[in-house]
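The block underneath contains the structure these notes are about, expressed in structure tokens.
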2 protein chains.
Amino acid sequence: MAQQVEIYDVTLRDGAQGPGVKFSSEDQLRIVQELDAFGVSYIEGGQPGSNPKAAELFQRAKDLEFQHAVMAAFGSTRHTKNAVEDDPNIKALLAADTPVVTIFAKYSPTHATQVLRVSLEENLTLIEESVAYLVSQGRRVVLDAEHFFDGYREDTEYALSALECGWKAGAEVLVLCDTNGGGLPWGIAQAVEACVQRLPEAKFGVHTHNDSGCGVANTLAAVHAGAVHVQGTINGYGERTGNANLCTIIPDLQLKMGCEVVSADQLGQLTRLSHLVAELANMIPRDSDPFVGRDAFTHKGGMHADAVKKLKVSYEHVPPETVGNSTHISVSELSGRSSLLQKAKELGIELDRDAPETRDALTQVKELESQGFEFEGADASLELLLRKAIGQHRTFFKLRGFRTSVDRHDADSPALSEATVKIELPDGTRMHTAAEAEGPVDALNNALRKALEGTYPELQQVHLEDYKVRILNAQAATAAVTRVLIESSDGETVWNTVGVSGNIVAASYQALVDSIEYKLLRSRGYNAD
Amino acid sequence: MAQQVEIYDVTLRDGAQGPGVKFSSEDQLRIVQELDAFGVSYIEGGQPGSNPKAAELFQRAKDLEFQHAVMAAFGSTRHTKNAVEDDPNIKALLAADTPVVTIFAKYSPTHATQVLRVSLEENLTLIEESVAYLVSQGRRVVLDAEHFFDGYREDTEYALSALECGWKAGAEVLVLCDTNGGGLPWGIAQAVEACVQRLPEAKFGVHTHNDSGCGVANTLAAVHAGAVHVQGTINGYGERTGNANLCTIIPDLQLKMGCEVVSADQLGQLTRLSHLVAELANMIPRDSDPFVGRDAFTHKGGMHADAVKKLKVSYEHVPPETVGNSTHISVSELSGRSSLLQKAKELGIELDRDAPETRDALTQVKELESQGFEFEGADASLELLLRKAIGQHRTFFKLRGFRTSVDRHDADSPALSEATVKIELPDGTRMHTAAEAEGPVDALNNALRKALEGTYPELQQVHLEDYKVRILNAQAATAAVTRVLIESSDGETVWNTVGVSGNIVAASYQALVDSIEYKLLRSRGYNAD
């Protein structure tokens with residue numbers, strides 16, 4: 001029978017400590033529901049003793065119906081000065097009214113004596129009393145053994161006996177934490193094996209960080225050595241270098257190690273879950289992330305793309321569909337007709353292999369790429385080009401001119417930007433607008449919107465999410481060719497467009513116009529209303 | 001004695017395949033020099049048989065003096081149809097005239113028969129003949145065993161005997177490649193052990209990718225099992241999820257596994273090297289990267305920051321200085337006083353540790369860094385700032401205003417750029433000039449030169465070699481802050497300057513002015529003639 005491994009998600013606590021990560025109360029509740037549907041076993045909501053927002057989340061989560069998960073409140077063992085039943089932190093943990101309470105305790109002698117400043121014996125008393133009291137109050141207790149692997153190296157017997165103490169007091173899971181993230185897989189595995197040997201009847205978990213670049217591998221090694229409970233965050237969000245990344249660990253466990261973690265259908269939602277949490281956290285998804293990243297199954301370079309076609313497994317370690325991702329063949333200078341056809345299919349466009357339009361489109365792509373266009377990161381511009389080639393196109397406005405200027409009056413005054421735009425609408429109306437902004441591209445964008453939003457009000461939903469500038473032949477210095485990539489969103493869909501020119505303003509204009517045309521083609525179709 | 005591990009860098013080949021990574025010929029040459037100084041043993045320059053830019057790099061690298069590294073040219077074994085001495089790829093490898101040639105060969109029966117479409121026996125002949133011929137031509141041969149771990153699982157005996165065949169033919173290193181990146185550490189370790197057992201006298205290397213999220217751990221596990229040669233890229237750049245990240249692997253090997261890789265001083269340059277390569281690749285450094293990331297040693301959250309103060313090792317798995325990084329407690333960027341003093345010394349400026357000017361300069365650097373300035377790639381701007389702080393400065397001209405405009409008359413006509421500049425010279429003369437160019441920044445540069453070259457004819461020798469634009473808070477889209485880096489040269493010296501602004505033209509102006517001031521300060525000194 002396959003080994004069962006349960007997932008304990010700490011995205012809402014450890015993940016929220018990640019630089020730049022921010023969740024509103026609504027976001028937290030949404031994530032709780034998504035994690036439950038995805039099939040995790042525990043969702044840690046935060047530290048009610050020190051964070052009123054966590055207390056609020058536990059309150060609101062009580063109204064949810066859970067399919068798989070239980071909520072867990074997080075806090076420390078009782079303070080050394082307090083009786084356990086009077087300890088404010090323990091009281092807050094009970095007040096959160098969650099099925100599970102997770103407490104962290106010191107497992108390294110140095111940290112107990114120098115950070116917590118208690119004797120080794122007293123440290124054991126804190127663990128024992130805190131666990132036993134929470135169990136007596138009807139809670140399932142998860143015990144996080146902080147700095148466990150450091151403690152194990154420092155004083156193996158103490159670390160193991162402190163685990164035993166928590167286990168005897170009634171803890172349901174003993175979680176071995178690599179708190180400073182410095183472990184390596186074989187060291188982690190060896191310590192886990194020793195724990196299993198000492199307490200064969202106990203249930204062991206693992207909690208790692210990525211400071212050695214081994215956060216994922218350390219967790220996998222612990223499971224390989226006998227751990228059955230894994231703590232981590234979606235996308236590996238967390239302090240410093242981040243926590244163990246569940247979006248990598250779950251498919252590794254399930255697809256490579258044969259563990260039972262979630263159902264195949266749930267695993268198929270992994271990419272969506274990863275992107276959704278990134279969106280809620282206001283983080284840009286990392287394209288290179290294993291399994292769920294945009295580039296995880298992207299192939300470019302003639303040799304590889306060809307080999308992938310011949311033998312998918314050559315460069316795809318798992319079928320991308322299993323994690324809800326897909327193979328992307330990037331259209332690059334090296335790629336021929338078949339990759340263009342494949343890409344078109346991915347975009348939902350049927351191209352006839354031998355039609356002259358297909359040949360024309362390919363010629364055009366190659367010509368543009370030689371000028372410095374890159375469609376790899378600009379699917380929407382490529383889709384517009386291909387649809388134009390097969391006649392699925394429509395003119396929403398014609399440019400009759402634009403002008404941008406940047407003025408600075410002296411060394412101490414700021415530079416001011418202004419743009420004017422002249423366009424002609426399909427009914428012949430001419431719009432001539434002007435706008436200001438901090439930079440010339442932003443001013444141009446504002447003026448263009450002014451000219452179009454009256455006729456096409458859906459453009460009000462569109463905002464620019466990302467703007468990238470790349471200088472191509474940089475050695476030509478300021479006379480170099482500029483490529484601009486723009487990412488746009490209307491709240492439902494995200495699309496990317498590209499512009500290239502020797503003039504940065506003209507390149508930006510091109511990418512802006514593609515972005516607008518893409519939106520209008522989607523909202524209005526290519527037949528005139 | 002500590003185990004010696006040699007580093008084989010593939011940043012210029014595998015790394016350059018990473019989405020978005022692009023190096024100019026100048027960048028390549030700069031990276032070669034930096035890698036050599038850092039202490040890697042081999043630098044792979046690319047595939048001369050299919051890439052003219054790689055052939056050019058090998059040519060230019062011949063003029064360099066190497067301290068540690070040798071250059072390696074990369075290509076495949078001979079084509080099945082060609083005699084080895086007539087094979088165009090093998091010829092190109094020899095023509096590159098590098099001390100080392102690296103060839104890749106198929107080590108999985110499936111890949112040999114289905115992708116390469118040769119018999120298993122013929123595959124061995126290709127390996128043997130290609131290695132032996134290159135050795136006979138005086139080359140040291142590195143043999144990359146593609147898909148080795150898949151081949152080992154599929155047909156252990158064939159994979160091992162194919163290694164033996166390359167070894168007997170004279171290969172210097174046998175590199176075991178996890179080409180699709182799907183391996184897990186214990187599987188990798190087990191296979192490496194079997195190889196070492198089979199060929200105890202051979203030298204084994206490892207080449208991994210990060211598709212399972214274990215790229216680093218798999219490399220470490222291979223070294224733990226007996227490999228002594230590690231292939232990877234700076235920052236883990238590479239296709240899909242990237243290659244094994246040398247910026248993580250090197251400190252793990254040296255600081256955690258006790259291997260001898262580079263000197264302690266060289267390791268102290270790791271963070272700088274990582275950021276420099278990111279800058280040249282025009283990639284945004286990942287703040288969460290282990291060891292070298294901005295956040296790798298950043299502590300927030302009261303509890304942790306407090307614990308770090310009490311006991312640094314609590315949350316710092318290695319001393320950050322060992323890799324040239326530093327502990328950050330607050331959000332703000334900070335380069336400490338001692339590194340500023342060190343940098344000043346490097347620039348030939350004597351700063352007094354306790355002088356108020358030094359404190360002021362440090363405050364100013366911190367303030368500018370928080371605005372988005374980065375002096376890592378802009379020594380000349382930093383030097384100007386420091387010299388200003390200690391009074392070694394002189395005003396060569398004052399800006400009295402500039403204006404740039406971009407005009408486009410309709411959809412079919414090109415955009416035209418014009419700039420006007422008003423400056424005041426030290427003798428009170430006002431210059432008011434105008435110039436055109438393809439883009440607004442170039443026009444501004446031209447107008448500024450017109451205004452100054454009469455008075456300062458040495459500026460005619462100065463040309464701009466490189467121009468890079470980075471959008472900082474990209475999510476603010478076109479309203480984002482822009483950082484411009486300019487590299488200038490007068491034929492003898494090369495210097496770099498930086499400008500930051502919400503307005504790309506203003507940021508460029510700042511970097512241009514720094515470039516001009518730097519040149520004039522060097523040619524005329526800071527005392528008025």
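Going by the structure tokens order, chains are called A, B, ..., each with residues numbered from 1, while ligands are numbered from 1 in the order shown.
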By least-squares superposition of chain B on chain A, using all C-alpha atoms in order, what RMSD in Å to one decimal is obtained? 5.9 Å
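Residues in contact with A:Asp36 at 8 Å, where only C-alpha atoms are counted and same-chain residues fewer than 2 positions away are skipped, are listed as Val32, Gln33, Glu34, Phe38, Gly39, Val40, Ser41, Ile43, Phe66, Gln67, His68 and Ala69 of chain A.
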Which residues, written as a ChimeraX atom specification, have at least one atom at most 8 Å from B:Phe402, with only C-alpha atoms counted and residues fewer than 5 positions away on the same chain left out? /A:407-410 /B:419-422
Have a look at atom CA of A:Arg198 and atom CA of A:Cys259 and let me know their distance in Å, one decimal. 23.8 Å
If you count only C-alpha atoms, which residues fall within 9 Å of stretch 507-515 of chain B, apart from same-chain ones fewer than 6 positions away, as a short mmCIF file (atom, residue, chain, number, x, y, z; two decimals) with N, CA and C atoms, in the first residue's frame?
```cif
data_model
loop_
_atom_site.label_atom_id
_atom_site.label_comp_id
_atom_site.auth_asym_id
_atom_site.auth_seq_id
_atom_site.Cartn_x
_atom_site.Cartn_y
_atom_site.Cartn_z
N THR A 478 22.67 54.54 -26.39
CA THR A 478 21.34 55.15 -26.40
C THR A 478 20.65 55.06 -27.75
N ALA B 380 31.42 54.55 -11.19
CA ALA B 380 31.75 55.95 -11.45
C ALA B 380 30.77 56.87 -10.73
N SER B 381 29.49 56.52 -10.72
CA SER B 381 28.53 57.34 -9.99
C SER B 381 28.83 57.33 -8.49
N LEU B 384 31.83 59.59 -7.83
CA LEU B 384 31.45 61.00 -7.85
C LEU B 384 30.78 61.40 -6.54
N VAL B 441 16.34 59.67 -25.90
CA VAL B 441 17.54 59.68 -25.06
C VAL B 441 18.78 59.97 -25.91
N LEU B 444 18.87 63.58 -26.74
CA LEU B 444 19.33 64.36 -25.60
C LEU B 444 20.85 64.28 -25.46
N ASN B 445 21.38 63.10 -25.64
CA ASN B 445 22.82 62.89 -25.59
C ASN B 445 23.51 63.76 -26.65
N LEU B 448 23.45 67.48 -25.74
CA LEU B 448 24.34 67.77 -24.63
C LEU B 448 25.80 67.83 -25.10
N LEU B 464 29.30 56.03 -25.74
CA LEU B 464 28.52 55.18 -24.85
C LEU B 464 28.59 53.76 -25.37
N VAL B 469 18.20 49.38 -19.22
CA VAL B 469 17.04 49.94 -18.54
C VAL B 469 16.42 48.86 -17.67
N THR B 482 12.20 53.88 -13.06
CA THR B 482 13.13 53.35 -14.05
C THR B 482 14.57 53.56 -13.58
N ARG B 483 15.38 52.52 -13.70
CA ARG B 483 16.81 52.67 -13.44
C ARG B 483 17.56 52.50 -14.74
N VAL B 484 18.44 53.42 -15.05
CA VAL B 484 19.22 53.37 -16.27
C VAL B 484 20.69 53.21 -15.90
N LEU B 485 21.34 52.26 -16.53
CA LEU B 485 22.79 52.09 -16.34
C LEU B 485 23.47 52.36 -17.66
N ILE B 486 24.51 53.19 -17.66
CA ILE B 486 25.24 53.51 -18.88
C ILE B 486 26.71 53.14 -18.71
N GLU B 487 27.24 52.50 -19.72
CA GLU B 487 28.67 52.21 -19.72
C GLU B 487 29.32 53.12 -20.75
N SER B 488 30.37 53.83 -20.36
CA SER B 488 31.04 54.75 -21.27
C SER B 488 32.50 54.34 -21.42
N TRP B 495 33.82 53.16 -17.84
CA TRP B 495 33.19 53.46 -16.55
C TRP B 495 31.67 53.38 -16.66
N ASN B 496 31.05 53.17 -15.49
CA ASN B 496 29.61 52.92 -15.44
C ASN B 496 28.91 53.91 -14.53
N THR B 497 27.76 54.40 -15.01
CA THR B 497 27.02 55.37 -14.22
C THR B 497 25.54 54.97 -14.17
N VAL B 498 24.82 55.56 -13.22
CA VAL B 498 23.44 55.17 -12.97
C VAL B 498 22.55 56.39 -12.81
N GLY B 499 21.30 56.25 -13.20
CA GLY B 499 20.29 57.27 -12.95
C GLY B 499 18.96 56.61 -12.63
N VAL B 500 18.18 57.22 -11.74
CA VAL B 500 16.89 56.64 -11.35
C VAL B 500 15.84 57.74 -11.37
N SER B 501 14.69 57.44 -11.93
CA SER B 501 13.60 58.42 -11.92
C SER B 501 12.30 57.74 -12.32
#
```
For the alpha helix (DSSP H) assignment from backbone DSSP, which residues of stretch 18-267 of chain A qualify? Please present them as a ChimeraX atom specification. /A:25-38,52-61,88-95,109-110,120-136,148-154,156-168,185-198,215-224,246-251,264-267
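Across the structure, atom CA of B:Ala96 and atom CA of B:Gln266 are spaced 28.7 Å apart.
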Tell me, as a PyMOL selection string, which residues lie within 9 Å of stretch 234-244 of chain A, counting only C-alpha atoms; anything in the same chain fewer than 6 positions away does not count. (chain A and resi 9-11+13-19+21+181+207-219+273-275+277-278+285-286+289) or (chain B and resi 287-291+293-300)
Among B:Glu6, B:Asp86, B:Asp412, B:Asp442, chain A is approached most closely, using only C-alpha atoms, by B:Asp442
